[in-house]
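Raw run00.csv, CSV, C-alpha atoms and all ligand atoms:
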```csv
chain,number,residue,atom,x,y,z
A,1,MET,CA,0.0,0.0,0.0
A,2,SER,CA,1.4,3.4,-1.0
A,3,LYS,CA,0.9,6.4,1.3
A,4,VAL,CA,1.9,10.0,1.2
A,5,THR,CA,1.5,12.4,4.1
A,6,VAL,CA,1.2,16.1,3.8
A,7,VAL,CA,1.9,18.0,7.0
A,8,GLY,CA,0.1,21.3,7.2
A,9,ALA,CA,-3.5,21.5,5.8
A,10,GLY,CA,-3.3,25.2,4.8
A,11,LYS,CA,-3.4,26.5,1.3
A,12,TYR,CA,-0.2,24.8,0.1
A,13,GLY,CA,-0.8,21.5,1.9
A,14,SER,CA,-4.4,21.0,1.0
A,15,THR,CA,-3.8,21.9,-2.6
A,16,THR,CA,-0.9,19.5,-2.8
A,17,ALA,CA,-3.0,16.7,-1.2
A,18,MET,CA,-5.8,17.4,-3.7
A,19,ARG,CA,-3.4,17.3,-6.7
A,20,LEU,CA,-1.9,14.0,-5.4
A,21,ALA,CA,-5.3,12.5,-4.9
A,22,GLU,CA,-6.4,13.5,-8.4
A,23,ALA,CA,-3.2,12.1,-9.9
A,24,ASP,CA,-4.4,8.7,-8.5
A,25,ILE,CA,-0.9,7.3,-8.0
A,26,VAL,CA,-1.1,6.3,-4.3
A,27,ASP,CA,-3.7,4.4,-2.2
A,28,GLU,CA,-3.9,7.0,0.6
A,29,VAL,CA,-2.9,10.7,1.2
A,30,VAL,CA,-2.9,11.7,4.8
A,31,MET,CA,-3.2,15.4,5.7
A,32,THR,CA,-2.4,16.5,9.2
A,33,ASP,CA,-2.4,19.9,11.0
A,34,ILE,CA,-2.5,21.3,14.5
A,35,VAL,CA,-5.9,22.9,13.9
A,36,GLU,CA,-8.6,20.5,15.0
A,37,GLY,CA,-11.1,19.7,12.3
A,38,LEU,CA,-9.3,21.4,9.5
A,39,PRO,CA,-7.6,18.4,7.9
A,40,GLN,CA,-10.7,16.2,8.5
A,41,GLY,CA,-13.0,18.7,6.9
A,42,LEU,CA,-10.8,19.3,3.9
A,43,ALA,CA,-10.3,15.5,3.5
A,44,LEU,CA,-14.0,15.0,3.5
A,45,ASP,CA,-14.6,17.7,0.9
A,46,ILE,CA,-11.8,16.4,-1.4
A,47,ASN,CA,-13.0,12.7,-1.0
A,48,GLN,CA,-16.4,13.7,-2.2
A,49,SER,CA,-14.9,14.8,-5.5
A,50,ARG,CA,-13.8,11.2,-6.2
A,51,PRO,CA,-16.9,10.1,-8.1
A,52,LEU,CA,-17.0,13.3,-10.1
A,53,LEU,CA,-13.3,13.3,-11.2
A,54,GLY,CA,-12.9,9.5,-11.2
A,55,TYR,CA,-10.0,8.7,-8.9
A,56,ARG,CA,-9.6,6.1,-6.1
A,57,THR,CA,-7.0,7.7,-3.8
A,58,VAL,CA,-8.5,8.3,-0.4
A,59,ILE,CA,-7.6,11.3,1.7
A,60,THR,CA,-7.5,11.0,5.5
A,61,GLY,CA,-7.5,14.1,7.7
A,62,SER,CA,-6.1,13.8,11.2
A,63,ASN,CA,-4.4,15.8,14.0
A,64,ASP,CA,-2.6,12.6,15.1
A,65,TYR,CA,0.7,11.5,13.6
A,66,ALA,CA,-0.4,7.9,14.2
A,67,ALA,CA,-2.5,8.2,11.0
A,68,THR,CA,0.7,9.1,9.1
A,69,ALA,CA,2.6,6.0,10.1
A,70,GLY,CA,4.6,4.2,7.4
A,71,SER,CA,4.3,6.9,4.8
A,72,ASP,CA,6.5,6.5,1.7
A,73,VAL,CA,6.8,10.3,1.2
A,74,VAL,CA,6.1,13.1,3.6
A,75,VAL,CA,5.6,16.7,2.3
A,76,ILE,CA,6.2,19.4,5.0
A,77,THR,CA,4.1,22.5,4.4
A,78,ALA,CA,3.5,23.4,8.0
A,79,GLY,CA,4.5,27.0,8.9
A,80,LEU,CA,3.7,30.6,8.3
A,81,PRO,CA,3.6,32.1,4.8
A,82,ARG,CA,5.0,35.6,4.0
A,83,LYS,CA,3.0,38.8,4.3
A,84,PRO,CA,3.6,41.7,1.8
A,85,GLY,CA,7.0,43.3,2.4
A,86,MET,CA,8.4,40.2,4.2
A,87,SER,CA,11.4,38.2,2.8
A,88,ARG,CA,11.3,34.4,3.2
A,89,MET,CA,14.2,34.8,5.6
A,90,ASP,CA,11.9,36.8,8.0
A,91,LEU,CA,10.2,33.4,8.7
A,92,LEU,CA,13.4,31.7,9.8
A,93,GLU,CA,12.9,31.5,13.6
A,94,VAL,CA,9.1,30.9,13.7
A,95,ASN,CA,9.1,28.2,11.0
A,96,ALA,CA,12.3,26.6,12.3
A,97,LYS,CA,10.4,25.7,15.6
A,98,ILE,CA,7.5,24.3,13.6
A,99,VAL,CA,9.7,22.3,11.1
A,100,LYS,CA,11.7,20.9,14.0
A,101,ASP,CA,8.6,19.6,15.9
A,102,VAL,CA,7.1,18.2,12.7
A,103,THR,CA,10.2,16.4,11.7
A,104,VAL,CA,10.6,14.7,15.0
A,105,GLN,CA,7.1,13.2,14.5
A,106,ILE,CA,7.8,12.2,10.9
A,107,ALA,CA,11.1,10.5,11.8
A,108,GLU,CA,9.3,8.5,14.6
A,109,HIS,CA,6.3,7.5,12.6
A,110,SER,CA,7.7,7.1,9.0
A,111,PRO,CA,11.4,6.2,9.5
A,112,ASP,CA,11.8,5.0,5.9
A,113,ALA,CA,10.1,8.0,4.2
A,114,VAL,CA,11.4,10.4,1.7
A,115,ILE,CA,10.9,14.0,3.0
A,116,ILE,CA,10.1,16.8,0.7
A,117,ASN,CA,10.1,20.2,2.5
A,118,VAL,CA,8.4,23.2,1.0
A,119,THR,CA,8.3,25.4,4.1
A,120,ASN,CA,10.2,28.7,3.9
A,121,PRO,CA,12.9,29.8,4.1
A,122,LEU,CA,13.3,26.8,1.9
A,123,ASP,CA,16.9,25.9,1.8
A,124,HIS,CA,17.3,26.4,5.5
A,125,MET,CA,14.2,24.5,6.6
A,126,THR,CA,15.2,21.6,4.3
A,127,THR,CA,18.6,21.6,6.1
A,128,LEU,CA,16.8,21.5,9.4
A,129,ALA,CA,14.6,18.6,8.4
A,130,ALA,CA,17.6,16.6,7.3
A,131,GLU,CA,19.5,17.4,10.6
A,132,VAL,CA,16.5,16.7,12.9
A,133,SER,CA,15.4,13.5,11.1
A,134,GLY,CA,18.9,12.1,10.9
A,135,PHE,CA,17.9,10.5,7.5
A,136,ASP,CA,20.3,9.9,4.8
A,137,THR,CA,20.5,13.3,3.0
A,138,ARG,CA,19.4,11.7,-0.3
A,139,ARG,CA,16.0,11.0,1.4
A,140,VAL,CA,15.5,14.7,2.3
A,141,MET,CA,15.0,17.4,-0.3
A,142,GLY,CA,13.2,20.7,-0.8
A,143,GLN,CA,10.9,22.0,-3.5
A,144,ALA,CA,11.8,25.3,-5.1
A,145,GLY,CA,13.5,24.9,-8.4
A,146,MET,CA,10.5,23.2,-10.0
A,147,LEU,CA,8.4,26.2,-9.1
A,148,ASP,CA,11.0,28.9,-9.9
A,149,SER,CA,11.7,27.2,-13.3
A,150,ALA,CA,7.9,27.1,-14.0
A,151,ARG,CA,7.6,30.8,-13.2
A,152,PHE,CA,10.5,31.6,-15.5
A,153,ALA,CA,8.9,29.5,-18.2
A,154,HIS,CA,5.6,31.3,-17.8
A,155,PHE,CA,7.2,34.8,-18.0
A,156,ILE,CA,9.2,33.7,-21.1
A,157,ALA,CA,6.0,32.4,-22.8
A,158,GLU,CA,4.2,35.6,-22.0
A,159,VAL,CA,7.0,37.8,-23.4
A,160,THR,CA,7.9,35.8,-26.5
A,161,GLY,CA,4.3,34.7,-27.3
A,162,ALA,CA,5.6,31.1,-27.5
A,163,ASP,CA,3.5,28.1,-26.7
A,164,ILE,CA,4.2,27.3,-23.0
A,165,MET,CA,4.8,23.6,-24.0
A,166,ASP,CA,7.8,24.8,-26.2
A,167,VAL,CA,9.5,26.6,-23.3
A,168,GLU,CA,12.3,24.8,-21.3
A,169,ALA,CA,13.5,27.0,-18.5
A,170,LEU,CA,15.8,26.3,-15.6
A,171,THR,CA,16.6,28.0,-12.3
A,172,LEU,CA,19.2,26.8,-9.7
A,173,GLY,CA,20.7,28.1,-6.5
A,174,SER,CA,18.6,29.2,-3.5
A,175,HIS,CA,14.9,30.0,-3.2
A,176,GLY,CA,15.5,33.6,-2.5
A,177,GLU,CA,17.6,36.5,-3.4
A,178,THR,CA,20.5,34.3,-4.6
A,179,MET,CA,18.2,32.3,-7.0
A,180,VAL,CA,20.1,31.6,-10.2
A,181,PRO,CA,17.9,31.6,-13.3
A,182,VAL,CA,20.0,29.8,-16.0
A,183,PRO,CA,19.6,31.4,-19.5
A,184,SER,CA,22.2,29.2,-21.0
A,185,GLN,CA,20.0,26.1,-20.4
A,186,THR,CA,16.7,28.0,-21.3
A,187,LYS,CA,15.2,27.4,-24.7
A,188,VAL,CA,12.1,28.2,-26.7
A,189,GLY,CA,11.3,25.8,-29.4
A,190,GLY,CA,14.8,24.4,-29.1
A,191,LYS,CA,16.4,27.9,-29.6
A,192,LEU,CA,18.4,29.6,-26.9
A,193,LEU,CA,16.4,32.4,-25.1
A,194,ALA,CA,19.3,34.8,-25.8
A,195,ASP,CA,18.9,34.2,-29.5
A,196,LEU,CA,15.3,35.3,-29.4
A,197,VAL,CA,15.2,38.3,-27.1
A,198,ASP,CA,17.9,41.0,-26.3
A,199,ALA,CA,20.1,41.0,-23.2
A,200,ASP,CA,17.9,43.5,-21.4
A,201,ALA,CA,14.8,41.4,-21.9
A,202,VAL,CA,16.7,38.3,-20.6
A,203,GLU,CA,17.7,40.3,-17.5
A,204,SER,CA,14.2,41.6,-16.9
A,205,LEU,CA,12.8,38.0,-17.2
A,206,VAL,CA,15.5,36.8,-14.7
A,207,ASP,CA,14.7,39.6,-12.3
A,208,ARG,CA,10.9,39.0,-12.4
A,209,THR,CA,11.6,35.3,-11.8
A,210,ARG,CA,13.7,36.0,-8.7
A,211,LYS,CA,10.9,38.2,-7.4
A,212,GLY,CA,8.1,35.8,-8.6
A,213,GLY,CA,6.9,34.8,-5.2
A,214,ALA,CA,6.9,38.3,-3.8
A,215,GLU,CA,4.8,39.5,-6.8
A,216,VAL,CA,2.1,37.0,-5.9
A,217,VAL,CA,2.3,37.9,-2.1
A,218,ALA,CA,1.9,41.6,-2.9
A,219,LEU,CA,-1.2,41.0,-4.9
A,220,LEU,CA,-2.8,38.5,-2.5
A,221,LYS,CA,-2.0,40.5,0.6
A,222,THR,CA,-2.9,37.5,2.8
A,223,GLY,CA,-0.6,34.6,2.3
A,224,SER,CA,1.6,33.4,-0.5
A,225,ALA,CA,1.3,31.4,-3.7
A,226,TYR,CA,0.0,27.8,-3.7
A,227,TYR,CA,-1.4,26.7,-7.0
A,228,ALA,CA,2.0,26.5,-8.9
A,229,PRO,CA,3.9,25.5,-5.7
A,230,SER,CA,1.6,22.6,-5.1
A,231,ALA,CA,1.8,21.5,-8.7
A,232,ALA,CA,5.6,21.5,-8.3
A,233,ALA,CA,5.6,19.5,-5.1
A,234,ALA,CA,3.1,17.0,-6.5
A,235,LYS,CA,5.4,16.4,-9.5
A,236,MET,CA,8.3,15.6,-7.2
A,237,VAL,CA,6.2,13.2,-5.2
A,238,GLU,CA,5.0,11.5,-8.4
A,239,ALA,CA,8.7,11.0,-9.5
A,240,VAL,CA,9.5,9.4,-6.1
A,241,ILE,CA,6.5,7.2,-5.9
A,242,GLY,CA,6.8,6.1,-9.5
A,243,ASP,CA,10.6,5.7,-9.1
A,244,THR,CA,10.9,7.4,-12.5
A,245,GLY,CA,14.4,8.8,-12.4
A,246,GLU,CA,13.0,12.1,-13.9
A,247,VAL,CA,15.5,15.0,-13.7
A,248,MET,CA,14.1,18.0,-11.9
A,249,PRO,CA,15.6,21.1,-10.3
A,250,VAL,CA,15.3,20.4,-6.5
A,251,CYS,CA,17.0,21.5,-3.3
A,252,ALA,CA,19.5,18.7,-2.7
A,253,TRP,CA,22.5,18.0,-0.5
A,254,MET,CA,25.7,18.9,-2.3
A,255,SER,CA,28.7,16.6,-2.0
A,256,GLY,CA,31.2,18.1,-4.4
A,257,GLU,CA,28.9,18.5,-7.5
A,258,TYR,CA,29.6,21.9,-9.2
A,259,GLY,CA,32.6,22.1,-6.8
A,260,ILE,CA,30.1,22.7,-3.9
A,261,SER,CA,29.9,20.7,-0.7
A,262,ASP,CA,28.0,20.5,2.6
A,263,VAL,CA,25.0,22.6,1.8
A,264,TYR,CA,21.4,22.2,0.5
A,265,LEU,CA,21.1,24.0,-2.8
A,266,GLY,CA,18.9,24.0,-5.9
A,267,VAL,CA,20.4,21.7,-8.6
A,268,PRO,CA,19.0,19.3,-11.2
A,269,ALA,CA,18.7,15.8,-9.8
A,270,SER,CA,17.1,12.6,-10.8
A,271,LEU,CA,14.5,11.4,-8.4
A,272,GLY,CA,13.3,7.9,-7.4
A,273,LYS,CA,12.1,5.9,-4.5
A,274,GLU,CA,15.3,6.5,-2.6
A,275,GLY,CA,14.9,10.2,-3.0
A,276,VAL,CA,17.7,11.9,-4.9
A,277,LYS,CA,19.4,9.3,-7.1
A,278,GLU,CA,22.0,11.6,-8.6
A,279,ILE,CA,22.8,15.3,-9.1
A,280,VAL,CA,23.2,16.2,-12.7
A,281,GLU,CA,26.1,18.5,-13.6
A,282,LEU,CA,25.2,20.7,-16.5
A,283,PRO,CA,27.7,22.9,-18.3
A,284,LEU,CA,27.2,26.4,-16.9
A,285,THR,CA,28.6,29.7,-18.1
A,286,ASP,CA,31.3,31.2,-15.8
A,287,THR,CA,28.7,33.8,-14.6
A,288,GLU,CA,26.1,31.1,-13.8
A,289,ALA,CA,28.7,28.9,-12.0
A,290,THR,CA,29.9,31.9,-9.9
A,291,ALA,CA,26.3,32.8,-9.0
A,292,LEU,CA,25.7,29.2,-7.9
A,293,SER,CA,28.8,29.3,-5.6
A,294,GLU,CA,27.6,32.6,-4.2
A,295,ALA,CA,24.1,31.1,-3.5
A,296,ALA,CA,25.8,28.2,-1.7
A,297,ALA,CA,27.8,30.7,0.5
A,298,SER,CA,24.7,32.7,1.2
A,299,VAL,CA,22.7,29.6,2.3
A,300,LYS,CA,25.6,28.4,4.5
A,301,GLU,CA,25.8,31.8,6.2
A,302,LYS,CA,22.1,31.7,7.1
A,303,VAL,CA,22.3,28.0,8.2
A,304,ASP,CA,25.0,29.2,10.7
A,305,GLU,CA,22.4,31.7,12.0
A,306,LEU,CA,19.8,28.9,12.2
A,307,HIS,CA,22.2,26.9,14.3
A,308,GLU,CA,22.5,29.7,16.8
A,309,LEU,CA,18.7,29.9,17.4
A,310,ASP,CA,17.2,28.3,20.5
A,311,LEU,CA,14.6,26.0,19.0
A,312,GLY,CA,13.6,24.5,22.3
B,401,LIG,N1,2.1,21.1,12.7
B,401,LIG,C1,1.2,21.0,11.7
B,401,LIG,N2,0.7,22.0,11.0
B,401,LIG,C2,1.1,23.2,11.4
B,401,LIG,C3,2.0,23.5,12.5
B,401,LIG,C4,2.5,22.3,13.2
B,401,LIG,N3,3.4,22.4,14.1
B,401,LIG,N4,2.1,24.8,12.6
B,401,LIG,C5,1.4,25.4,11.7
B,401,LIG,N5,0.7,24.4,11.0
B,401,LIG,C6,-0.2,24.6,9.9
B,401,LIG,C7,-1.2,25.8,10.1
B,401,LIG,O1,-2.2,25.4,11.1
B,401,LIG,C8,-1.7,26.0,8.7
B,401,LIG,O2,-2.9,25.2,8.5
B,401,LIG,O3,0.4,25.0,8.7
B,401,LIG,C9,-0.6,25.5,7.8
B,401,LIG,C10,0.0,26.6,7.0
B,401,LIG,O4,-1.0,27.0,6.1
B,401,LIG,P1,-1.1,28.5,5.4
B,401,LIG,O5,-1.1,29.5,6.6
B,401,LIG,O6,-2.3,28.5,4.5
B,401,LIG,O7,0.3,28.7,4.6
B,401,LIG,P2,0.6,28.1,3.2
B,401,LIG,O8,0.3,29.1,2.2
B,401,LIG,O9,0.1,26.7,3.1
B,401,LIG,O10,2.2,28.0,3.3
B,401,LIG,C11,2.9,27.0,4.0
B,401,LIG,O11,4.7,27.0,2.5
B,401,LIG,O12,5.3,28.4,0.7
B,401,LIG,C12,5.5,28.1,2.0
B,401,LIG,O13,6.1,30.2,2.9
B,401,LIG,C13,5.1,29.2,2.9
B,401,LIG,O14,6.2,28.4,4.8
B,401,LIG,C14,5.0,28.6,4.2
B,401,LIG,C15,4.4,27.2,3.8
```
Since I need it in another form, could you write the structure as structure tokens?
Amino acid sequence: MSKVTVVGAGKYGSTTAMRLAEADIVDEVVMTDIVEGLPQGLALDINQSRPLLGYRTVITGSNDYAATAGSDVVVITAGLPRKPGMSRMDLLEVNAKIVKDVTVQIAEHSPDAVIINVTNPLDHMTTLAAEVSGFDTRRVMGQAGMLDSARFAHFIAEVTGADIMDVEALTLGSHGETMVPVPSQTKVGGKLLADLVDADAVESLVDRTRKGGAEVVALLKTGSAYYAPSAAAAKMVEAVIGDTGEVMPVCAWMSGEYGISDVYLGVPASLGKEGVKEIVELPLTDTEATALSEAAASVKEKVDELHELDLG
């Protein structure tokens, strides 16, 4: 029996659970939250769409981690989202306490799971989940690159008028100010982006992608994005559950790839039932490679700050 748990039944968590159920790739999706009745009510509502949409996956809502026991994959979405004007880093302390508590429970109830963290600040909360769980780092990863690449692709399609299906876009690095959109690996209909639009247009697409999350937060005013984020997280879960080996940009533990070690960073990796199978090293331009190293240094600096916090 295959089972996925989504911790946090807020906007991101409930949408991810719904997308996974509709994909009909596991027997059960468990949603859990600290708010009593919330995961149960949402589960009931989503389950009632099964005869309409035609899928068999059952969603269980619970406030008790016993219901999550033996999950193959656990997605962590518990935590506060940003408000307008906030950076993801402003959430460091409050979300660290939540992610620590949640991870202790996951490790106890699902010791063989693959953990996919989406709580922000992404790279740091993924590091924390790996440290607290004590899991092999290949079994702990974060979702950011799939989302940032999708945002980049959307903006490119909008500016060039291309069919979204013809756009291949890639972002690496951190999920924040040191995000590294990678124009040298970004193509429209097989042609390099730089051959289709001028350098200023590339730069403005890159800039809008870096600020893609904040643009949504500023419009919503209450909470952050969840439709594209949940689609990204669900894709990663599908690759793990299906053991597909699909290569995706994810936040993974670096052990010398791209000359970078001992840090969680956004890189392309093939995913399977053991989590990250392999990090793929693409040929980057010098500017892109430097930006990736700078992103690694910036994440490490903030992880040092995280380690100084008293998380109880
Ligand atoms: N255990 C379980 N659930 C928790 C806990 C906890 N310790 N603490 C908070 N939660 C739950 C809240 O009760 C809420 O239902 O997490 C949920 C968060 O939902 P939203 O406020 O709707 O936030 P969401 O948009 O889902 O974002 C969640 O994803 O993109 C990131 O920055 C975002 O870190 C945030 C996370």
Original post:
If you count only C-alpha atoms and all ligand atoms, which residues end up within 7 Å of ligand LIG 401 (chain B), as a ChimeraX atom specification?
Top reply: /A:7-13,32-35,77-82,88,95,98-99,101-102,118-121,223-226
Subject >> Residues within 9 Å of Ala234 (chain A), all atoms listed in the file, excluding chain neighbours under 2 positions, as a ChimeraX atom specification >> reply: /A:16-17,19-20,23,229-232,236-239
Subject >> Shell of 10 Å around Lys302 (chain A), only C-alpha atoms, local chain residues under 6 positions omitted, as an MDAnalysis selection string >> reply: chainID A and resid 89 92 121 123:124 308
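All residues of protein, DNA or RNA that reach within 7 Å of Ser149 (chain A), judged by only C-alpha atoms and not counting those fewer than 2 positions away in the chain, are Gly145, Met146, Leu147, Arg151, Phe152, Ala153, Ala169, Leu170 and Thr171 of chain A.
Proximity of A:Asp64, A:Pro268, A:Met86, A:Glu274 to Phe135 (chain A), computed with only C-alpha atoms, is greatest for A:Glu274.
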**OP:** Find the spatial neighbours of region 45-52 of chain A, counting all atoms listed in the file, within a cut-off of 7 Å - ignore same-chain residues fewer than 5 positions away - and output them as a ChimeraX atom specification.
**Re:** /A:18,58-59
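Between Lys300 (chain A) and the residues A:Asp195, A:Asp262, A:Glu281, A:Glu288, the shortest atom-to-atom distance, using only C-alpha atoms, involves A:Asp262.
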Taking all atoms listed in the file into account, produce a table as CSV in which each residue of region 249-284 of chain A with an atom at most 10 Å from an atom of region 185-193 of chain A appears once, together with its shortest atom pair and the distance in Å to one decimal, ordered by chain and rising number.
```
residue,atom,partner,partner_atom,distance
A:Leu282,CA,A:Gln185,CA,8.5
A:Pro283,CA,A:Gln185,CA,8.6
A:Leu284,CA,A:Gln185,CA,8.0
```
For a cut-off of 12 Å around (28.3, 30.7, -18.1), file coordinates, pick out all residues using only C-alpha atoms and list them as a compact mmCIF listing (two decimals) with C-alpha atoms, in the coordinates of the input.
```
# COMPACT_ATOMS: atom_id res chain seq x y z
CA VAL A 180 20.10 31.60 -10.20
CA PRO A 181 17.90 31.60 -13.30
CA VAL A 182 20.00 29.80 -16.00
CA PRO A 183 19.60 31.40 -19.50
CA SER A 184 22.20 29.20 -21.00
CA GLN A 185 20.00 26.10 -20.40
CA LEU A 282 25.20 20.70 -16.50
CA PRO A 283 27.70 22.90 -18.30
CA LEU A 284 27.20 26.40 -16.90
CA THR A 285 28.60 29.70 -18.10
CA ASP A 286 31.30 31.20 -15.80
CA THR A 287 28.70 33.80 -14.60
CA GLU A 288 26.10 31.10 -13.80
CA ALA A 289 28.70 28.90 -12.00
CA THR A 290 29.90 31.90 -9.90
CA ALA A 291 26.30 32.80 -9.00
CA LEU A 292 25.70 29.20 -7.90
```
**OP:** May I ask which of the residues A:Ala150, A:Ala296, A:Leu205, A:Ala214 is the closest one to Met248 (chain A), counting only C-alpha atoms?
**Re:** A:Ala150
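Considering only C-alpha atoms, the residue among A:Ala228, A:Val30, A:Val263, A:Leu42 positioned nearest to Val303 (chain A) is A:Val263.
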Original post:
For Gly272 (chain A), which of A:Leu44, A:Met141, A:Leu220, A:Ala66 is the closest residue, counting only C-alpha atoms?
Top reply: A:Met141
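Across A:Ser14, A:Val6, A:Gly259, A:Gly245, the tightest approach to Thr103 (chain A) is made by A:Val6 when counting all atoms listed in the file.
Between CA of Ala21 (chain A) and CA of Leu53 (chain A) the separation is 10.2 Å.
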